[in-house]
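J.: Coordinates in target.txt, compact mmCIF, C-alpha atoms, are listed below.
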```
# COMPACT_ATOMS: atom_id res chain seq x y z
CA MET A 19 0.00 0.00 0.00
CA ASP A 20 1.03 3.60 -0.66
CA LEU A 21 -0.45 6.69 0.95
CA ILE A 22 -0.72 10.18 -0.53
CA ILE A 23 -1.16 12.88 2.09
CA LYS A 24 -1.81 16.57 1.70
CA PRO A 25 -0.97 17.97 5.13
CA THR A 26 -2.33 21.35 4.09
CA GLN A 27 -4.16 23.09 1.28
CA ARG A 28 -2.11 26.23 2.00
CA CYS A 29 0.63 27.20 -0.42
CA ASN A 30 3.23 29.94 -0.83
CA PHE A 31 2.89 29.77 -4.64
CA SER A 32 -0.02 30.56 -6.93
CA CYS A 33 -0.35 28.21 -9.90
CA SER A 34 -3.29 28.43 -12.30
CA PHE A 35 -3.59 24.65 -12.71
CA CYS A 36 -3.36 23.69 -9.03
CA SER A 37 -6.34 22.03 -7.39
CA SER A 38 -5.50 23.39 -3.96
CA THR A 39 -5.87 26.98 -5.12
CA GLU A 40 -9.65 26.73 -5.21
CA ILE A 41 -10.24 24.03 -2.61
CA ALA A 42 -8.62 25.91 0.25
CA ASN A 43 -11.31 27.95 1.99
CA SER A 44 -9.02 29.14 4.74
CA ASN A 45 -5.37 29.96 5.29
CA SER A 46 -5.64 28.85 8.89
CA VAL A 47 -3.26 26.26 10.28
CA ASN A 48 -6.31 24.88 12.09
CA ASP A 49 -7.50 23.48 8.77
CA ASP A 50 -4.38 21.35 8.28
CA LEU A 51 -4.42 17.55 8.48
CA ASP A 52 -4.33 15.92 11.90
CA VAL A 53 -1.19 13.75 11.95
CA SER A 54 -3.02 11.19 14.07
CA LYS A 55 -4.90 10.11 10.93
CA VAL A 56 -1.61 9.16 9.28
CA ILE A 57 -0.63 7.17 12.36
CA GLU A 58 -3.98 5.35 12.29
CA PHE A 59 -3.32 4.46 8.67
CA LEU A 60 0.06 2.96 9.57
CA ASP A 61 -1.66 0.88 12.24
CA ARG A 62 -4.08 -0.46 9.64
CA PHE A 63 -1.55 -0.85 6.81
CA PRO A 64 1.86 -1.51 8.42
CA GLN A 65 3.31 -2.59 5.05
CA THR A 66 2.92 0.92 3.62
CA ASN A 67 5.76 1.33 1.14
CA SER A 68 5.70 5.09 0.84
CA ILE A 69 3.94 8.17 2.12
CA ILE A 70 3.87 10.69 -0.73
CA VAL A 71 3.46 14.23 0.56
CA ASN A 72 1.79 16.75 -1.76
CA GLY A 73 -0.04 19.98 -1.07
CA GLY A 74 -0.63 22.89 -0.97
CA ASP A 75 3.04 22.88 -0.32
CA PRO A 76 4.44 20.46 2.27
CA LEU A 77 6.89 23.05 3.62
CA VAL A 78 4.10 25.37 4.72
CA VAL A 79 3.61 22.85 7.54
CA ASP A 80 6.00 22.86 10.50
CA PRO A 81 8.74 20.17 10.38
CA SER A 82 7.40 18.69 13.62
CA PHE A 83 4.50 17.21 11.63
CA TYR A 84 6.94 15.03 9.67
CA PHE A 85 9.12 14.17 12.64
CA LYS A 86 6.04 12.65 14.31
CA ILE A 87 5.50 10.42 11.29
CA ILE A 88 9.18 9.44 11.21
CA ALA A 89 9.06 8.57 14.89
CA GLU A 90 6.15 6.21 14.20
CA ILE A 91 7.96 4.63 11.24
CA ARG A 92 11.01 4.00 13.40
CA SER A 93 9.11 2.75 16.44
CA ARG A 94 7.35 0.17 14.26
CA GLY A 95 10.52 -0.86 12.45
CA LEU A 96 8.97 -0.02 9.08
CA SER A 97 10.80 0.62 5.83
CA THR A 98 8.29 3.27 4.75
CA VAL A 99 9.73 6.15 2.71
CA LEU A 100 8.46 9.69 3.31
CA HIS A 101 8.59 11.46 -0.06
CA LEU A 102 7.99 15.21 -0.06
CA CYS A 103 7.09 16.87 -3.36
CA THR A 104 7.60 20.57 -2.69
CA ASN A 105 8.41 23.76 -4.55
CA LEU A 106 11.33 24.11 -2.05
CA TRP A 107 10.76 27.84 -1.71
CA ASP A 108 10.57 27.82 2.08
CA TYR A 109 13.75 25.72 2.20
CA TYR A 110 15.46 28.23 -0.10
CA GLN A 111 14.40 31.09 2.16
CA ARG A 112 15.08 29.30 5.46
CA PRO A 113 17.37 26.30 4.88
CA SER A 114 18.26 25.81 8.54
CA LYS A 115 14.60 25.07 9.29
CA TRP A 116 14.63 22.00 7.03
CA ARG A 117 18.15 20.57 7.10
CA GLU A 118 17.58 18.13 9.95
CA LEU A 119 14.43 16.71 8.38
CA PHE A 120 15.89 16.42 4.89
CA HIS A 121 18.89 14.57 6.28
CA CYS A 122 16.68 11.82 7.77
CA GLU A 123 17.24 8.51 6.00
CA GLU A 124 13.47 7.98 5.67
CA VAL A 125 13.02 11.21 3.70
CA GLU A 126 13.18 11.72 -0.04
CA VAL A 127 12.70 15.16 -1.57
CA GLY A 128 11.37 15.98 -5.01
CA THR A 129 10.31 19.29 -6.46
CA SER A 130 8.27 20.80 -9.27
CA PHE A 131 8.88 23.11 -12.18
CA ASP A 132 7.16 24.39 -15.31
CA PHE A 133 8.18 27.05 -17.79
CA SER A 134 4.89 28.83 -17.19
CA GLU A 135 1.96 29.25 -14.82
CA ARG A 136 3.95 28.82 -11.59
CA TYR A 137 4.10 32.04 -9.60
CA ILE A 138 5.97 32.94 -6.40
CA THR A 139 3.81 36.05 -6.10
CA LYS A 140 1.01 37.42 -8.24
CA ASP A 141 3.52 39.19 -10.49
CA ARG A 142 6.66 37.06 -10.10
CA GLN A 143 6.96 33.83 -12.03
CA LEU A 144 9.36 31.09 -10.98
CA ASP A 145 11.90 31.33 -13.78
CA VAL A 146 14.54 28.78 -14.66
CA ASP A 147 17.40 30.84 -13.19
CA THR A 148 15.71 30.98 -9.79
CA PHE A 149 14.85 27.29 -10.02
CA LEU A 150 18.49 26.42 -10.70
CA LYS A 151 19.62 28.54 -7.74
CA ILE A 152 17.25 26.57 -5.49
CA LEU A 153 18.61 23.27 -6.79
CA THR A 154 22.22 24.41 -6.42
CA SER A 155 21.59 25.34 -2.79
CA PHE A 156 19.90 22.00 -2.17
CA LYS A 157 22.75 20.02 -3.73
CA GLU A 158 25.32 21.88 -1.66
CA ASP A 159 23.42 20.88 1.48
CA PHE A 160 22.49 17.29 0.65
CA GLY A 161 24.78 16.12 -2.13
CA TYR A 162 22.15 15.40 -4.77
CA THR A 163 19.76 17.21 -7.09
CA PRO A 164 16.08 16.39 -6.57
CA SER A 165 13.95 15.18 -9.46
CA PHE A 166 11.03 17.33 -10.54
CA VAL A 167 7.40 16.98 -11.64
CA SER A 168 5.75 19.14 -14.30
CA VAL A 169 2.09 19.58 -15.18
CA ILE A 170 1.51 19.71 -18.93
CA THR A 171 -1.23 22.02 -20.18
CA LYS A 172 -2.26 23.34 -23.58
CA GLU A 173 -0.29 26.50 -22.87
CA ASN A 174 3.04 24.88 -21.99
CA SER A 175 2.90 21.66 -24.05
CA TRP A 176 5.26 23.14 -26.63
CA ARG A 177 7.97 23.17 -23.92
CA VAL A 178 7.79 19.44 -23.21
CA LEU A 179 11.17 18.66 -24.77
CA ASP A 180 12.74 21.66 -23.04
CA LEU A 181 11.63 20.28 -19.68
CA VAL A 182 13.23 16.90 -20.36
CA ARG A 183 16.37 18.55 -21.71
CA LEU A 184 16.54 20.49 -18.46
CA ALA A 185 16.26 17.23 -16.51
CA LYS A 186 19.04 15.73 -18.61
CA SER A 187 21.31 18.73 -18.00
CA LEU A 188 20.73 18.30 -14.26
CA GLY A 189 21.31 14.56 -14.38
CA VAL A 190 17.84 13.81 -12.93
CA GLU A 191 14.60 12.22 -14.04
CA CYS A 192 11.53 14.40 -14.44
CA LYS A 193 7.90 13.30 -14.55
CA LEU A 194 5.49 15.02 -16.94
CA ASN A 195 1.85 14.63 -15.92
CA TYR A 196 -1.07 15.78 -18.05
CA LEU A 197 -3.49 18.27 -16.54
CA HIS A 198 -6.67 17.10 -14.81
CA ALA A 199 -9.72 19.30 -14.30
CA SER A 200 -9.62 20.06 -10.58
CA GLY A 201 -9.45 23.28 -8.62
CA ARG A 202 -9.12 26.43 -10.71
CA SER A 203 -8.33 24.35 -13.77
CA LYS A 204 -11.46 23.50 -15.72
CA GLU A 205 -9.51 22.45 -18.79
CA ILE A 206 -7.58 19.24 -19.38
CA PHE A 207 -4.69 18.09 -21.51
CA THR A 208 -5.88 14.91 -23.17
CA ILE A 209 -4.13 11.60 -22.75
CA GLY A 210 -3.92 11.23 -26.54
CA ASP A 211 -1.97 14.48 -26.84
CA MET A 212 0.21 13.54 -23.87
CA TYR A 213 1.17 10.17 -25.32
CA ASN A 214 2.22 11.82 -28.56
CA SER A 215 4.42 14.08 -26.43
CA TYR A 216 5.94 10.98 -24.82
CA LEU A 217 6.77 9.70 -28.32
CA ASP A 218 8.41 13.06 -29.10
CA ILE A 219 10.56 12.53 -26.02
CA TYR A 220 11.48 9.03 -27.18
CA ALA A 221 12.26 10.26 -30.70
CA GLU A 222 14.74 12.74 -29.20
CA ASP A 223 16.36 9.88 -27.24
CA LEU A 224 15.42 11.59 -23.98
CA HIS A 225 13.30 8.79 -22.50
CA LEU A 226 15.88 7.92 -19.84
CA PHE A 227 15.15 11.29 -18.25
CA GLU A 228 11.32 11.18 -18.15
CA SER A 229 9.47 8.73 -15.92
CA ASN A 230 6.16 8.37 -17.75
CA THR A 231 7.83 7.84 -21.12
CA LYS A 232 9.70 4.89 -19.62
CA GLN A 233 6.43 3.54 -18.22
CA MET A 234 4.83 3.95 -21.66
CA LEU A 235 7.64 1.97 -23.31
CA LYS A 236 7.32 -0.78 -20.71
CA LYS A 237 3.61 -1.06 -21.33
CA LEU A 238 4.02 -1.15 -25.11
CA LYS A 239 6.64 -3.87 -24.90
CA THR A 240 5.17 -6.06 -22.17
CA SER A 241 1.45 -5.18 -22.02
CA GLU A 242 1.85 -5.07 -18.23
CA HIS A 243 -0.18 -2.82 -15.98
CA THR A 244 2.29 -0.24 -14.71
CA ASN A 245 1.94 2.71 -12.37
CA CYS A 246 -0.19 5.73 -13.26
CA PRO A 247 -1.11 6.95 -15.82
CA SER A 248 -2.19 3.46 -16.92
CA ASN A 249 -3.25 1.39 -13.91
CA ARG A 250 -6.91 0.39 -13.64
CA ASN A 251 -6.24 -1.24 -10.27
CA CYS A 252 -5.13 1.96 -8.60
CA ASP A 253 -7.80 1.79 -5.87
CA GLU A 254 -6.36 -1.52 -4.74
CA GLY A 255 -2.96 -0.25 -3.63
CA ILE A 256 -3.09 3.47 -2.89
CA ARG A 257 -5.00 5.86 -0.65
CA ASN A 258 -5.26 9.64 -0.35
CA LEU A 259 -5.73 11.61 2.86
CA GLN A 260 -6.20 15.36 2.85
CA PRO A 261 -7.63 18.08 5.09
CA MET A 262 -10.91 19.79 4.46
CA LYS A 263 -12.45 22.61 6.44
CA ASN A 264 -13.58 21.09 9.75
CA GLY A 265 -12.49 17.61 8.74
CA TYR A 266 -10.67 15.50 6.20
CA GLU A 267 -11.23 13.59 2.94
CA TYR A 268 -10.14 9.97 2.48
CA SER A 269 -10.13 8.41 -0.97
CA SER A 270 -8.18 6.12 -3.28
CA CYS A 271 -7.22 8.90 -5.70
CA GLY A 272 -5.75 12.32 -5.04
CA ALA A 273 -7.50 13.86 -8.04
CA PHE A 274 -10.92 12.52 -7.05
CA GLY A 275 -10.13 13.57 -3.49
CA ASP A 276 -9.71 17.13 -4.73
CA ASP A 277 -13.11 16.83 -6.39
CA LEU A 278 -14.64 15.39 -3.19
CA GLU A 279 -15.83 12.36 -5.15
CA TYR A 280 -15.59 8.60 -4.55
CA GLY A 281 -14.57 9.03 -0.94
CA ILE A 282 -13.96 6.12 1.42
CA ASP A 283 -15.25 5.80 4.96
CA PHE A 284 -11.99 6.18 6.89
CA GLU A 285 -13.26 4.79 10.18
CA ARG A 286 -14.74 1.68 8.58
CA GLU A 287 -11.59 0.92 6.60
CA MET A 288 -9.41 1.48 9.66
CA ALA A 289 -11.67 -1.01 11.47
CA GLY A 290 -10.93 -3.70 8.91
CA GLU A 291 -13.11 -3.26 5.82
CA PHE A 292 -11.50 -2.64 2.44
CA PHE A 293 -13.04 -0.56 -0.32
CA ARG A 294 -12.52 -0.24 -4.07
CA PRO A 295 -14.83 2.68 -4.85
CA LEU A 296 -13.81 3.21 -8.49
CA GLN A 297 -14.81 -0.23 -9.73
CA GLY A 298 -18.59 0.09 -9.43
CA ASP A 299 -19.32 3.21 -11.50
CA ILE A 300 -19.90 2.25 -15.12
CA GLU A 301 -19.30 5.84 -16.26
CA LEU A 302 -15.66 5.54 -15.20
CA GLN A 303 -14.88 2.31 -17.02
CA TYR A 304 -14.44 3.58 -20.59
CA MET A 305 -14.84 6.74 -22.67
CA LYS A 306 -17.14 5.18 -25.28
CA GLU A 307 -18.36 1.70 -26.24
CA GLU A 308 -15.94 1.50 -29.17
CA CYS A 309 -13.12 1.48 -26.64
CA LEU A 310 -14.03 -2.05 -25.59
CA SER A 311 -12.76 -3.51 -28.87
CA CYS A 312 -9.84 -1.12 -29.36
CA VAL A 313 -6.20 -2.14 -29.01
CA ASN A 314 -5.56 1.16 -27.19
CA PHE A 315 -8.10 0.36 -24.46
CA ASN A 316 -5.71 -0.01 -21.52
CA ILE A 317 -3.90 3.22 -22.33
CA CYS A 318 -6.85 5.50 -23.11
CA ASN A 319 -9.00 4.14 -20.29
CA GLY A 320 -6.25 3.36 -17.82
CA CYS A 321 -7.06 6.24 -15.48
CA PHE A 322 -10.61 6.63 -14.16
CA LYS A 323 -10.15 10.36 -13.55
CA THR A 324 -8.98 10.79 -17.15
CA VAL A 325 -12.07 8.96 -18.42
CA LYS A 326 -14.37 11.20 -16.42
CA ASP A 327 -12.59 14.46 -17.31
CA THR A 328 -12.38 13.67 -21.01
CA LYS A 329 -16.10 12.86 -21.18
CA LYS A 330 -17.06 15.97 -19.22
CA ALA A 331 -14.93 18.19 -21.47
CA ASN A 332 -16.44 16.63 -24.62
CA LEU A 333 -12.97 15.75 -25.83
CA VAL A 334 -13.40 12.00 -26.30
CA ASP A 335 -13.24 12.18 -30.11
CA HIS A 336 -10.27 14.55 -30.02
CA SER A 337 -8.37 12.29 -27.64
CA CYS A 338 -9.30 9.24 -29.73
CA LYS A 339 -7.93 10.82 -32.91
CA SER A 340 -4.74 11.78 -31.09
CA MET A 341 -4.37 8.25 -29.78
CA MET A 342 -4.85 6.78 -33.25
CA ARG A 343 -2.05 9.05 -34.44
CA PHE A 344 -0.01 7.78 -31.48
CA ARG A 345 -0.67 4.21 -32.58
CA GLU A 346 0.49 4.94 -36.14
CA ARG A 347 3.66 6.55 -34.82
CA VAL A 348 4.32 3.59 -32.52
CA ILE A 349 4.18 1.23 -35.51
CA GLU A 350 6.36 3.52 -37.64
CA MET A 351 8.95 3.68 -34.85
CA GLY A 352 8.98 -0.09 -34.49
CA LEU A 353 7.93 -0.05 -30.85
CA MET A 354 5.35 -2.83 -31.37
```
Spit out the file's structure as structure tokens when you get a sec.
T.:
Amino acid sequence: MDLIIKPTQRCNFSCSFCSSTEIANSNSVNDDLDVSKVIEFLDRFPQTNSIIVNGGDPLVVDPSFYFKIIAEIRSRGLSTVLHLCTNLWDYYQRPSKWRELFHCEEVEVGTSFDFSERYITKDRQLDVDTFLKILTSFKEDFGYTPSFVSVITKENSWRVLDLVRLAKSLGVECKLNYLHASGRSKEIFTIGDMYNSYLDIYAEDLHLFESNTKQMLKKLKTSEHTNCPSNRNCDEGIRNLQPMKNGYEYSSCGAFGDDLEYGIDFEREMAGEFFRPLQGDIELQYMKEECLSCVNFNICNGCFKTVKDTKKANLVDHSCKSMMRFRERVIEMGLM
């Protein structure tokens, strides 16, 4: 089992595509996640492989929140990894506050970067020079450069190769995720368009530096179910826990958690029941009936959130045409 947690919806950045931007109804620390819920989860699922920390931004929360989790991991003798995905801005401003935590052997740190839409203030965009300064400072402190995640939208999709070239120049692997419709973002970047971008990455021989392209190649060559974005069994092995005003949301998917849909009864699952909430809704199973006989089925319909968003945006035909083009390119490139 893996657990995604969002300790807070608060953030020190303002990004147009971020779900937390609209979900957060308060900037109060009182609306942050109660760490006791994470500890309860570890009691129920002691074989948790990783706790993936998103936000908001994880560094808006005091380090003591994470030290409590680490203490529980150590007291139970677990091998659970605590992975923080953060913009690193608070570390860059106040490195001494975070050095002890980041040096813990249980902690992994990743970051995020796009060439657009990511703002430190209303008028100041996070540019590549500032991003590189943050990474240089981090490497001086900890001896490695963190990998980064990017959200691909219609507006920045033309910079896909630039993002992977940046990862290559840093000697790290990036992960390019297509945009879902949550929070302020009502638009999506279709899976068909994203997979053609992954082929562009492969054609430039940059696939060793982008995580989802490698997963795509594995799926094409082995037909195995791999991690997101193409795993229809996601609600079997992952959970999401995030704060809401006067409470919390528990689900099997961070994106659906942001939408407050397909939630799971936390208390009942902690008491021993096990839920797979995404399996019973027929509307999530495929984009259209023709998908059932299509060789691209597992890719196009691999993510339930993608199925729902694509239908809602009336982009099923567009995504289908893009995926057919993807298929033709795959054959031309000899990948099947």
J.: Produce a table with one row for each residue of region 214-268 of chain A that has an atom at most 12 Å from any atom of region 329-345 of chain A, each row naming the nearest atom pair and its distance in Å at one decimal; use all atoms listed in the file; arrange rows by chain and rising residue number; format as JSON lines.
T.:
```
{"residue": "A:Asn214", "atom": "CA", "partner": "A:Phe344", "partner_atom": "CA", "distance": 5.5}
{"residue": "A:Ser215", "atom": "CA", "partner": "A:Phe344", "partner_atom": "CA", "distance": 9.2}
{"residue": "A:Tyr216", "atom": "CA", "partner": "A:Phe344", "partner_atom": "CA", "distance": 9.5}
{"residue": "A:Leu217", "atom": "CA", "partner": "A:Phe344", "partner_atom": "CA", "distance": 7.7}
{"residue": "A:Asp218", "atom": "CA", "partner": "A:Phe344", "partner_atom": "CA", "distance": 10.2}
{"residue": "A:Met234", "atom": "CA", "partner": "A:Phe344", "partner_atom": "CA", "distance": 11.6}
{"residue": "A:Leu238", "atom": "CA", "partner": "A:Arg345", "partner_atom": "CA", "distance": 10.3}
```
J.: Output C-alpha atoms of each residue in that selection to a file, as a PDB file, in the frame of the given file.
T.:
```
ATOM      1  CA  ASN A 214       2.220  11.820 -28.560  1.00  0.00           C
ATOM      2  CA  SER A 215       4.420  14.080 -26.430  1.00  0.00           C
ATOM      3  CA  TYR A 216       5.940  10.980 -24.820  1.00  0.00           C
ATOM      4  CA  LEU A 217       6.770   9.700 -28.320  1.00  0.00           C
ATOM      5  CA  ASP A 218       8.410  13.060 -29.100  1.00  0.00           C
ATOM      6  CA  MET A 234       4.830   3.950 -21.660  1.00  0.00           C
ATOM      7  CA  LEU A 238       4.020  -1.150 -25.110  1.00  0.00           C
TER       8      LEU A 238
END
```
J.: Would you kindly return, as an MDAnalysis selection string, each protein, DNA or RNA residue with an atom no farther than 6 Å from any atom of region 166-168 of chain A, considering all atoms listed in the file and excluding same-chain residues fewer than 2 positions away?
T.: chainID A and resid 128:132 192:194
J.: Skip region 221-227 of chain A itself and residues of its chain fewer than 3 positions away, then list as a list in words all residues within 10 Å of it, counting only C-alpha atoms.
T.: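 Using only C-alpha atoms, the neighbours found are Ser165, Leu179, Leu181, Val182, Arg183, Leu184, Ala185, Lys186, Ser187, Leu188, Gly189, Val190, Glu191, Cys192, Lys193, Ser215, Tyr216, Leu217, Asp218, Asn230, Thr231, Lys232, Gln233, Met234, Leu235 and Met351 of chain A.
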J.: Region 298-313 of chain A: which residues within 8 Å, counting only C-alpha atoms, same-chain residues fewer than 6 positions away excluded, as a PyMOL selection string?
T.: chain A and resi 319+322-323+325-326+328-329+334
J.: Which of these residues is nearest to Met212 (chain A), using only C-alpha atoms: A:Ser200, A:Thr324, A:Thr148, A:Thr154?
T.: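 Distance minimum relative to Met212 (chain A) lands on A:Thr324.
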J.: Report, in Å with one decimal, the straight-line distance from CA of Asp253 (chain A) to CA of Ile69 (chain A).
T.: 15.6 Å
J.: Figure out the distance between CA of Ile57 (chain A) and CA of Cys321 (chain A), please, to one decimal in Å.
T.: 28.6 Å
J.: Enter the distance from CA of Phe120 (chain A) to CA of Glu158 (chain A), in Å, rounded to one decimal.
T.: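 Distance reported for this atom pair: 12.7 Å.
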J.: Choose the residue, out of A:Asn30, A:Tyr266, A:Phe35, A:Asp75, that has the smallest atom-to-atom separation from Phe207 (chain A); count only C-alpha atoms.
T.: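 The closest residue to Phe207 (chain A) is A:Phe35.
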J.: Given the choices A:Lys239, A:Arg250, A:His198, A:Arg294, which gets closest to Asp327 (chain A) if the distance is worked out from all atoms listed in the file?
T.: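 That would be A:His198, the residue with the smallest distance to Asp327 (chain A).
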J.: Which residue, A:Arg142, A:Tyr196, A:Gln260, A:Arg92, has the smallest gap to Arg28 (chain A) when you use only C-alpha atoms?
T.: A:Gln260
J.: Write out as a PyMOL selection string the residues lying within 8 Å of Val146 (chain A), counting only C-alpha atoms and excluding same-chain residues fewer than 3 positions away.
T.: chain A and resi 133+149-150
J.: Set the distance at 7 Å and use only C-alpha atoms: which residues neighbour Leu197 (chain A) once local chain neighbours fewer than 3 positions away are removed? I'd like the list as a PyMOL selection string.
T.: chain A and resi 169-171+206-207
J.: The selected residues should be written to file as a compact mmCIF listing (two decimals), in the frame of the given file (atoms: C-alpha atoms).
T.:
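To be explicit, this is the file written out as out.txt:
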```txt
# COMPACT_ATOMS: atom_id res chain seq x y z
CA VAL A 169 2.09 19.58 -15.18
CA ILE A 170 1.51 19.71 -18.93
CA THR A 171 -1.23 22.02 -20.18
CA ILE A 206 -7.58 19.24 -19.38
CA PHE A 207 -4.69 18.09 -21.51
```
J.: Using all atoms listed in the file, which of A:Ala273, A:Leu278, A:Leu119, A:Leu60 sits nearest Gly95 (chain A)?
T.: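 Distance minimum relative to Gly95 (chain A) lands on A:Leu60.
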